[in-house]
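Text of my_file_31.cif (mmCIF, C-alpha atoms and all ligand atoms) as supplied:
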data_input
loop_
_atom_site.label_atom_id
_atom_site.label_comp_id
_atom_site.auth_asym_id
_atom_site.auth_seq_id
_atom_site.Cartn_x
_atom_site.Cartn_y
_atom_site.Cartn_z
CA MET A 1 65.83 17.43 196.46
CA LYS A 2 64.67 20.26 194.21
CA THR A 3 63.46 23.48 195.86
CA ASP A 4 63.32 27.18 194.96
CA ILE A 5 66.90 27.40 196.27
CA THR A 6 68.38 24.59 194.13
CA ARG A 7 66.67 26.13 191.09
CA LEU A 8 67.81 29.69 191.93
CA LEU A 9 71.44 28.66 192.47
CA GLY A 10 71.76 25.78 190.01
CA ILE A 11 72.90 23.32 192.70
CA GLU A 12 71.93 19.73 193.44
CA TYR A 13 70.97 19.98 197.13
CA PRO A 14 69.62 23.04 199.01
CA ILE A 15 72.60 23.06 201.38
CA ILE A 16 74.77 26.16 201.75
CA GLN A 17 78.01 26.15 203.71
CA GLY A 18 78.37 28.94 206.27
CA GLY A 19 80.83 31.72 205.40
CA MET A 20 82.89 31.04 208.52
CA ALA A 21 85.69 33.55 209.14
CA TRP A 22 89.18 32.00 208.65
CA VAL A 23 87.59 28.56 208.15
CA ALA A 24 85.70 29.01 204.89
CA GLU A 25 88.63 29.16 202.46
CA HIS A 26 88.71 27.77 198.95
CA HIS A 27 89.46 24.10 199.77
CA LEU A 28 86.37 23.77 201.96
CA ALA A 29 84.17 25.75 199.56
CA ALA A 30 85.27 23.68 196.56
CA ALA A 31 84.59 20.42 198.43
CA VAL A 32 81.06 21.51 199.37
CA SER A 33 80.28 22.72 195.84
CA GLU A 34 81.72 19.53 194.30
CA ALA A 35 79.46 17.49 196.62
CA GLY A 36 76.35 19.27 195.30
CA GLY A 37 75.91 22.05 197.87
CA LEU A 38 76.96 25.70 197.65
CA GLY A 39 80.46 26.29 199.00
CA LEU A 40 81.31 29.77 200.27
CA ILE A 41 84.55 31.68 200.73
CA GLY A 42 84.30 33.71 203.94
CA ALA A 43 85.83 37.13 203.35
CA ALA A 44 85.57 37.99 207.08
CA ASN A 45 88.16 40.69 207.89
CA ALA A 46 90.49 39.76 205.02
CA PRO A 47 91.78 42.28 202.43
CA ALA A 48 90.10 42.29 199.02
CA GLU A 49 93.12 40.90 197.15
CA TRP A 50 93.13 37.80 199.40
CA VAL A 51 89.48 37.29 198.44
CA ARG A 52 90.29 37.63 194.74
CA GLU A 53 93.05 35.00 195.05
CA GLN A 54 90.68 32.67 196.88
CA ILE A 55 88.03 33.04 194.16
CA ARG A 56 90.57 32.22 191.45
CA ALA A 57 92.01 29.28 193.42
CA LEU A 58 88.50 27.90 193.96
CA ARG A 59 87.76 28.15 190.24
CA GLU A 60 90.82 25.94 189.61
CA LEU A 61 89.21 23.23 191.78
CA THR A 62 85.59 23.24 190.59
CA ASP A 63 83.27 24.41 187.81
CA LYS A 64 80.25 24.24 190.13
CA PRO A 65 78.46 27.32 191.51
CA PHE A 66 79.96 28.87 194.65
CA GLY A 67 79.64 32.05 196.67
CA VAL A 68 81.49 34.62 198.75
CA ASN A 69 80.27 35.73 202.17
CA ILE A 70 81.03 39.38 202.95
CA MET A 71 81.23 40.37 206.61
CA LEU A 72 79.90 43.92 206.48
CA MET A 73 81.70 45.10 209.63
CA SER A 74 85.03 44.44 207.93
CA PRO A 75 87.14 47.54 207.19
CA TYR A 76 87.61 46.01 203.71
CA ALA A 77 83.91 45.42 202.97
CA ASP A 78 83.71 48.15 200.26
CA ASP A 79 86.76 46.75 198.43
CA VAL A 80 85.58 43.14 198.72
CA ALA A 81 82.17 44.20 197.40
CA LYS A 82 83.93 45.53 194.26
CA VAL A 83 86.10 42.43 193.84
CA VAL A 84 83.12 40.03 193.84
CA ALA A 85 81.49 42.17 191.14
CA GLU A 86 84.70 42.27 189.05
CA GLU A 87 85.17 38.50 189.40
CA LYS A 88 81.45 37.94 188.67
CA VAL A 89 81.04 35.40 191.46
CA PRO A 90 77.74 33.52 191.10
CA VAL A 91 76.44 34.17 194.64
CA VAL A 92 77.12 36.66 197.43
CA THR A 93 75.90 36.26 200.99
CA THR A 94 76.41 38.99 203.58
CA GLY A 95 76.54 39.03 207.37
CA ALA A 96 76.58 41.40 210.32
CA GLY A 97 74.88 44.32 208.59
CA ASN A 98 72.78 45.74 205.77
CA PRO A 99 74.19 45.32 202.21
CA GLU A 100 71.72 47.71 200.50
CA LYS A 101 74.35 50.11 199.18
CA TYR A 102 76.01 47.38 197.08
CA MET A 103 72.84 46.00 195.49
CA ALA A 104 72.94 47.96 192.20
CA MET A 105 76.59 47.01 191.57
CA TRP A 106 76.00 43.33 192.33
CA LYS A 107 72.83 43.02 190.27
CA GLU A 108 74.62 44.74 187.37
CA ALA A 109 77.29 41.98 187.64
CA GLY A 110 74.60 39.27 187.51
CA ILE A 111 75.23 38.12 191.09
CA LYS A 112 72.58 36.29 193.15
CA VAL A 113 72.41 38.15 196.47
CA ILE A 114 71.43 36.33 199.67
CA PRO A 115 71.88 38.41 202.84
CA VAL A 116 71.91 36.81 206.28
CA VAL A 117 69.31 38.42 208.55
CA ALA A 118 68.49 37.98 212.22
CA SER A 119 65.20 39.97 212.19
CA VAL A 120 61.96 40.31 210.23
CA ALA A 121 62.44 44.07 209.79
CA LEU A 122 65.71 43.70 207.85
CA ALA A 123 64.26 40.78 205.87
CA LYS A 124 61.36 42.94 204.61
CA ARG A 125 63.61 45.88 203.85
CA LEU A 126 66.03 43.75 201.81
CA GLU A 127 63.22 42.06 199.89
CA ARG A 128 62.18 45.54 198.71
CA CYS A 129 65.78 46.15 197.54
CA GLY A 130 65.58 43.15 195.22
CA VAL A 131 67.63 40.48 196.98
CA ASP A 132 67.13 36.97 195.56
CA ALA A 133 66.70 35.03 198.81
CA LEU A 134 67.49 35.38 202.52
CA VAL A 135 69.28 33.35 205.16
CA ALA A 136 67.36 33.58 208.47
CA GLU A 137 70.03 32.82 211.06
CA GLY A 138 68.92 31.97 214.58
CA THR A 139 70.93 32.59 217.72
CA GLU A 140 71.97 28.91 217.89
CA ALA A 141 74.61 29.69 215.23
CA GLY A 142 78.29 30.14 215.96
CA GLY A 143 80.21 33.40 215.76
CA HIS A 144 78.40 36.76 215.60
CA ILE A 145 74.74 36.16 216.46
CA GLY A 146 71.32 37.76 216.72
CA GLU A 147 68.82 37.19 219.54
CA ILE A 148 65.98 35.15 218.10
CA THR A 149 66.05 31.36 217.89
CA THR A 150 65.91 29.54 214.56
CA MET A 151 62.59 27.96 215.58
CA ALA A 152 61.00 31.39 216.12
CA LEU A 153 62.84 33.41 213.44
CA VAL A 154 62.46 31.19 210.36
CA PRO A 155 58.64 31.00 210.23
CA GLN A 156 58.31 34.73 210.99
CA VAL A 157 60.67 35.62 208.13
CA VAL A 158 58.95 33.09 205.83
CA ASP A 159 55.58 34.74 206.55
CA ALA A 160 56.97 38.25 206.04
CA VAL A 161 58.53 37.85 202.56
CA ASN A 162 57.79 36.28 199.17
CA ILE A 163 61.36 35.22 198.35
CA PRO A 164 62.88 31.87 199.38
CA VAL A 165 64.28 31.62 202.91
CA ILE A 166 67.23 29.47 203.99
CA ALA A 167 67.32 28.43 207.64
CA ALA A 168 70.55 28.64 209.66
CA GLY A 169 71.67 28.15 213.24
CA GLY A 170 71.52 24.80 215.03
CA ILE A 171 71.26 22.57 211.96
CA ALA A 172 73.75 19.70 211.60
CA ASP A 173 71.77 16.62 210.56
CA GLY A 174 68.66 15.43 208.75
CA ARG A 175 66.42 16.07 211.75
CA GLY A 176 67.38 19.74 211.77
CA MET A 177 67.09 20.02 208.01
CA ALA A 178 63.64 18.37 207.94
CA ALA A 179 62.56 20.68 210.78
CA ALA A 180 63.73 23.69 208.74
CA PHE A 181 61.58 22.55 205.80
CA MET A 182 58.61 22.22 208.15
CA LEU A 183 59.17 25.84 209.25
CA GLY A 184 58.88 26.92 205.62
CA ALA A 185 62.55 27.16 204.68
CA LYS A 186 63.63 26.10 201.17
CA GLY A 187 67.19 25.27 202.19
CA CYS A 188 69.69 25.20 205.05
CA GLN A 189 72.94 26.99 205.78
CA ILE A 190 75.32 24.78 207.76
CA GLY A 191 78.50 25.95 209.46
CA THR A 192 79.83 23.99 212.44
CA ARG A 193 79.20 20.57 210.81
CA PHE A 194 81.44 21.62 207.89
CA LEU A 195 84.10 23.03 210.22
CA ALA A 196 84.55 19.46 211.50
CA SER A 197 85.17 18.12 207.99
CA GLU A 198 88.27 16.58 206.45
CA GLU A 199 88.60 19.37 203.90
CA ALA A 200 88.35 22.32 206.32
CA VAL A 201 91.83 23.80 206.69
CA VAL A 202 91.49 24.26 210.44
CA HIS A 203 93.98 23.22 213.12
CA GLU A 204 93.32 19.68 214.44
CA ASN A 205 93.15 21.04 218.00
CA TYR A 206 90.15 23.21 217.07
CA LYS A 207 88.37 20.33 215.33
CA LYS A 208 88.97 18.15 218.42
CA CYS A 209 87.37 20.82 220.61
CA VAL A 210 84.22 20.64 218.44
CA LEU A 211 84.16 16.83 218.74
CA ASN A 212 84.66 17.01 222.54
CA ALA A 213 82.21 19.84 223.18
CA LYS A 214 79.10 19.06 225.22
CA ASP A 215 75.82 20.98 224.82
CA ILE A 216 76.63 23.38 227.67
CA ASP A 217 80.20 24.07 226.55
CA VAL A 218 79.10 26.66 223.98
CA LYS A 219 78.94 30.17 225.46
CA VAL A 220 78.30 33.75 224.32
CA THR A 221 80.89 36.46 224.91
CA GLY A 222 80.35 40.16 224.25
CA ARG A 223 76.69 40.52 225.18
CA SER A 224 77.61 43.68 227.12
CA THR A 225 79.54 45.21 224.20
CA GLY A 226 76.78 44.71 221.63
CA HIS A 227 78.91 42.20 219.69
CA PRO A 228 77.74 38.82 220.95
CA ILE A 229 79.91 35.94 219.69
CA ARG A 230 79.15 32.27 220.28
CA VAL A 231 82.24 30.18 221.10
CA ILE A 232 83.29 26.96 222.81
CA ARG A 233 84.39 27.74 226.36
CA ASN A 234 88.09 27.78 227.21
CA ASN A 235 90.51 29.77 229.30
CA MET A 236 90.01 32.94 227.24
CA VAL A 237 86.23 32.72 227.50
CA ARG A 238 86.31 32.22 231.28
CA GLU A 239 88.54 35.28 231.65
CA TYR A 240 86.43 37.34 229.23
CA LEU A 241 83.15 36.47 230.98
CA ARG A 242 84.70 37.26 234.37
CA LEU A 243 85.85 40.69 233.17
CA GLU A 244 82.50 41.26 231.47
CA SER A 245 80.58 40.47 234.69
CA GLU A 246 82.82 42.91 236.54
CA GLY A 247 81.80 45.64 234.11
CA ALA A 248 85.04 45.88 232.12
CA GLY A 249 85.10 48.48 229.34
CA LEU A 250 84.80 47.87 225.64
CA GLU A 251 88.48 48.56 224.98
CA GLN A 252 89.77 46.06 227.53
CA LEU A 253 87.37 43.37 226.31
CA GLU A 254 88.08 43.90 222.61
CA LEU A 255 91.83 43.76 223.26
CA MET A 256 91.40 40.14 224.38
CA THR A 257 89.70 39.12 221.15
CA VAL A 258 92.08 40.75 218.66
CA GLY A 259 93.61 37.98 216.56
CA ALA A 260 91.88 35.34 218.70
CA LEU A 261 90.18 33.50 215.83
CA ARG A 262 93.45 33.22 213.95
CA ARG A 263 95.11 31.84 217.09
CA ALA A 264 92.52 29.05 217.20
CA VAL A 265 92.20 28.22 213.49
CA VAL A 266 95.83 28.61 212.38
CA ASP A 267 97.95 28.15 215.54
CA GLY A 268 95.69 25.62 217.26
CA ASP A 269 95.81 27.63 220.50
CA VAL A 270 92.59 26.27 221.97
CA GLU A 271 93.09 27.83 225.41
CA ASN A 272 93.55 31.46 224.36
CA GLY A 273 92.02 31.43 220.88
CA SER A 274 88.39 32.05 219.89
CA LEU A 275 86.69 28.70 219.10
CA MET A 276 83.61 29.97 217.28
CA ALA A 277 80.99 27.20 217.00
CA GLY A 278 77.24 26.76 217.09
CA GLN A 279 75.11 25.21 219.82
CA ILE A 280 74.99 21.90 217.93
CA ALA A 281 78.76 21.34 218.44
CA GLY A 282 77.73 18.78 221.07
CA MET A 283 76.08 16.66 218.33
CA ILE A 284 79.21 16.36 216.19
CA LYS A 285 81.19 13.23 216.99
CA GLU A 286 83.42 12.61 213.97
CA ILE A 287 85.36 14.39 211.25
CA LEU A 288 83.87 13.45 207.87
CA PRO A 289 84.53 14.35 204.24
CA CYS A 290 82.13 17.06 202.96
CA LYS A 291 80.57 14.62 200.50
CA GLN A 292 79.74 12.23 203.33
CA ILE A 293 78.27 15.09 205.41
CA ILE A 294 76.03 16.11 202.51
CA ASP A 295 75.04 12.55 201.58
CA ASN A 296 74.11 11.86 205.22
CA LEU A 297 72.08 15.07 205.46
CA VAL A 298 70.21 14.24 202.27
CA SER A 299 69.43 10.60 203.11
CA GLU A 300 68.37 11.41 206.68
CA THR A 301 66.18 14.28 205.51
CA ASP A 302 64.62 12.20 202.73
CA ALA A 303 63.67 9.47 205.21
CA LEU A 304 61.92 12.00 207.45
CA MET A 305 60.22 13.91 204.64
CA LYS A 306 58.70 10.84 202.96
CA GLY A 307 55.00 11.39 202.35
CA THR A 308 55.27 15.19 202.20
CA ASN A 309 55.44 17.15 198.97
CA ILE A 310 57.64 19.93 200.33
CA TYR A 311 60.34 19.23 197.74
CA GLU A 312 60.49 17.27 194.51
O1 LIG B 401 78.01 37.29 210.43
C1 LIG B 401 77.69 36.30 211.01
N1 LIG B 401 78.52 35.60 211.81
C2 LIG B 401 79.84 35.91 212.02
S1 LIG B 401 80.70 37.17 211.30
C3 LIG B 401 82.08 36.73 212.11
S2 LIG B 401 83.58 37.59 211.90
C4 LIG B 401 83.79 38.44 213.29
N2 LIG B 401 84.96 38.34 213.86
C5 LIG B 401 85.23 39.02 214.96
C6 LIG B 401 84.28 39.83 215.53
C7 LIG B 401 83.06 39.95 214.95
C8 LIG B 401 82.79 39.23 213.81
C9 LIG B 401 81.84 35.69 212.90
N3 LIG B 401 80.59 35.22 212.82
N4 LIG B 401 76.44 35.78 210.88
C10 LIG B 401 75.45 36.45 210.12
C11 LIG B 401 74.68 37.35 210.97
N5 LIG B 401 74.31 38.55 210.59
N6 LIG B 401 74.27 37.11 212.23
C12 LIG B 401 73.58 38.22 212.63
C13 LIG B 401 73.62 39.10 211.59
C14 LIG B 401 73.06 40.41 211.48
C15 LIG B 401 72.89 41.23 212.57
C16 LIG B 401 72.36 42.51 212.40
C17 LIG B 401 72.69 40.86 210.22
C18 LIG B 401 72.18 42.12 210.06
C19 LIG B 401 72.02 42.92 211.14
O2 LIG B 401 71.45 44.11 210.90
C20 LIG B 401 72.00 45.29 211.37
C21 LIG B 401 71.43 46.39 210.52
O3 LIG B 401 72.24 47.16 210.01
O4 LIG B 401 70.21 46.43 210.36
#

Can you dump the structure from the file as structure tokens?
Ligand code: TUI
Amino acid sequence: MKTDITRLLGIEYPIIQGGMAWVAEHHLAAAVSEAGGLGLIGAANAPAEWVREQIRALRELTDKPFGVNIMLMSPYADDVAKVVAEEKVPVVTTGAGNPEKYMAMWKEAGIKVIPVVASVALAKRLERCGVDALVAEGTEAGGHIGEITTMALVPQVVDAVNIPVIAAGGIADGRGMAAAFMLGAKGCQIGTRFLASEEAVVHENYKKCVLNAKDIDVKVTGRSTGHPIRVIRNNMVREYLRLESEGAGLEQLELMTVGALRRAVVDGDVENGSLMAGQIAGMIKEILPCKQIIDNLVSETDALMKGTNIYE
């Protein structure tokens, strides 16, 4: 499965693991990279020294290429941006903002830069800044989301730029991956499917919620605050959406979400924690090793793509 993305990144399959906050630590990233994809450490809101330790721990587990995802709304984003340059990580992806101001430093360090975008405008702007590829993430994704669906966003970004585009949001099996290729993508970014993997260091209660989720169990909180977050519904979400519909203020709403992702991932508090997940949670029925997830994706996609010449 050779595409512009496998060639750019030096990986076997054009499959990138999402940089999921709290979930994407070095064990998961190493397992995905070892299986032939690109594993990512999610820096999320973590301090820069934690990210440096994760990079070094990952390098103990694999020699394969990997990346770090930098969440640009993090108070530590500037420091993490420096650490990835110092550690010369092979790939950086970014989310929830515009990484332009770091480009010179990262290119100087030889890093491949792949920002996540949710609009054509930012895609075009970042292409002009010299990014290597883009992730076009549709609103089906988990966590912090944009407005446009993967089906509508990916072909519009593909038409707007001349660099390779990776599709994200709502992809968990070979049907989704083949569809992404048909939309013009050269690879996929996959989050929720890897959250429900053996190697993800995530509380069993959270993983069980993904396995039990039905299509309509995945909701969006924070539309009124301008920070929409897709999560599996639970007690906290019901309370949040009730307050939101009653016009609660930003401060009251944000207070509910402080530390909520940690409560879900680390403590396994699935009633009052934030169970970030994508709309395809309802399709995921078993916990699998990352290698099995990737092998299944590749064989299913190959079967569907037979007779096309979209990849070698
Ligand atoms: O970043 C994500 N998903 C995330 S980040 C995250 S951590 C978090 N925790 C608590 C509260 C808030 C966040 C959880 N999930 N996906 C990538 C993504 N980026 N989706 C949408 C965007 C995006 C949106 C606007 C990227 C750029 C952008 O542009 C703004 C600008 O400056 O032009």

request  = List all protein, DNA and RNA residues that have any atom at most 6 Å from ligand LIG 401 (chain B), counting all atoms listed in the file, and write the list as a PyMOL selection string.
outcome  = chain A and resi 21+44+71+95-98+116-118+122+143-146

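Remark: for A:Ser299, the closest of the candidate residues A:Gly169, A:Pro115, A:Gly174, A:Pro155 is A:Gly174 (distances computed over only C-alpha atoms).
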
query = Any idea what's packed within 9 Å of stretch 226-230 of chain A, counting only C-alpha atoms, ignoring anything in its chain fewer than 3 positions away? Could you give it as a PyMOL selection string?
reply = chain A and resi 139-146+218-223+275-279

message = Using all atoms listed in the file, which protein or nucleic acid residues come within 10 Å of A:Leu241? Drop anything in the same chain fewer than 2 positions from it, and give the result as an NGL selection string.
response = :A and (219-224 or 233 or 236-239 or 243-248 or 253)

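Proximity to A:Lys291 at 10 Å, evaluated using all atoms listed in the file and with sequence-adjacent residues fewer than 2 positions away removed, yields A:Ala31, A:Val32, A:Ser33, A:Glu34, A:Ala35, A:Gly36, A:Gly37, A:Ser197, A:Glu198, A:Glu199, A:Leu288, A:Pro289, A:Ile293, A:Ile294, A:Asp295, A:Asn296, A:Leu297.
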
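Here the question is which of A:Ile111, A:Leu38, A:Val165, A:Ile5 gets nearest to A:Leu183 using only C-alpha atoms, and that residue is A:Val165.
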
message = So that I can check the surroundings of A:Asp78, please list as a ChimeraX atom specification every protein, DNA and RNA residue that reaches within 10 Å of it, counting all atoms listed in the file and ignoring chain neighbours fewer than 4 positions away.
response = /A:48,70,72,74,82-83,101-102

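Separating atom CA of A:Lys112 from atom CA of A:Val265 is a distance of 29.4 Å.
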
Please produce, as CSV, a per-residue contact table for stretch 118-181 of chain A versus stretch 189-194 of chain A (criterion: any atom at most 9 Å away, all atoms listed in the file considered), showing the nearest atom pair and its distance in Å to one decimal, sorted by chain then residue number.
residue,atom,partner,partner_atom,distance
A:Val135,CA,A:Gln189,CA,7.4
A:Glu137,CA,A:Gln189,CA,8.4
A:Ala141,CA,A:Gly191,CA,7.9
A:Gly142,CA,A:Thr192,CA,7.3
A:Ile166,CA,A:Gln189,CA,6.5
A:Ala167,CA,A:Gln189,CA,6.1
A:Ala168,CA,A:Gln189,CA,4.8
A:Gly169,CA,A:Ile190,CA,7.4
A:Gly170,CA,A:Ile190,CA,8.2
A:Ile171,CA,A:Ile190,CA,6.2
A:Ala172,CA,A:Arg193,CA,5.6
A:Asp173,CA,A:Arg193,CA,8.4

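Across the structure, atom CA of A:Val154 and atom CA of A:Ala178 are spaced 13.1 Å apart.
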
key: Shell around A:Gly259 at 10 Å using all atoms listed in the file, local window under 5 positions removed, as a VMD selection string   = chain A and resid 264 273 to 274

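Using only C-alpha atoms for every distance, the candidate list A:Leu58, A:Cys209, A:Lys124, A:Val266 yields A:Cys209 as the residue closest to A:Glu286.
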
task = For atom CA of A:Asn69 and atom CA of A:Ile41, quote the distance in Å rounded to one decimal.
result = 6.1 Å

query = Given the choices A:Gly176, A:Gly282, A:Pro75, A:Pro164, which gets closest to A:Met305 if the distance is worked out from only C-alpha atoms?
reply = A:Gly176

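Candidate residues A:Ile310, A:Glu100, A:Leu195, A:Val51 were compared for distance to A:Glu127, and the nearest is A:Glu100, using all atoms listed in the file.
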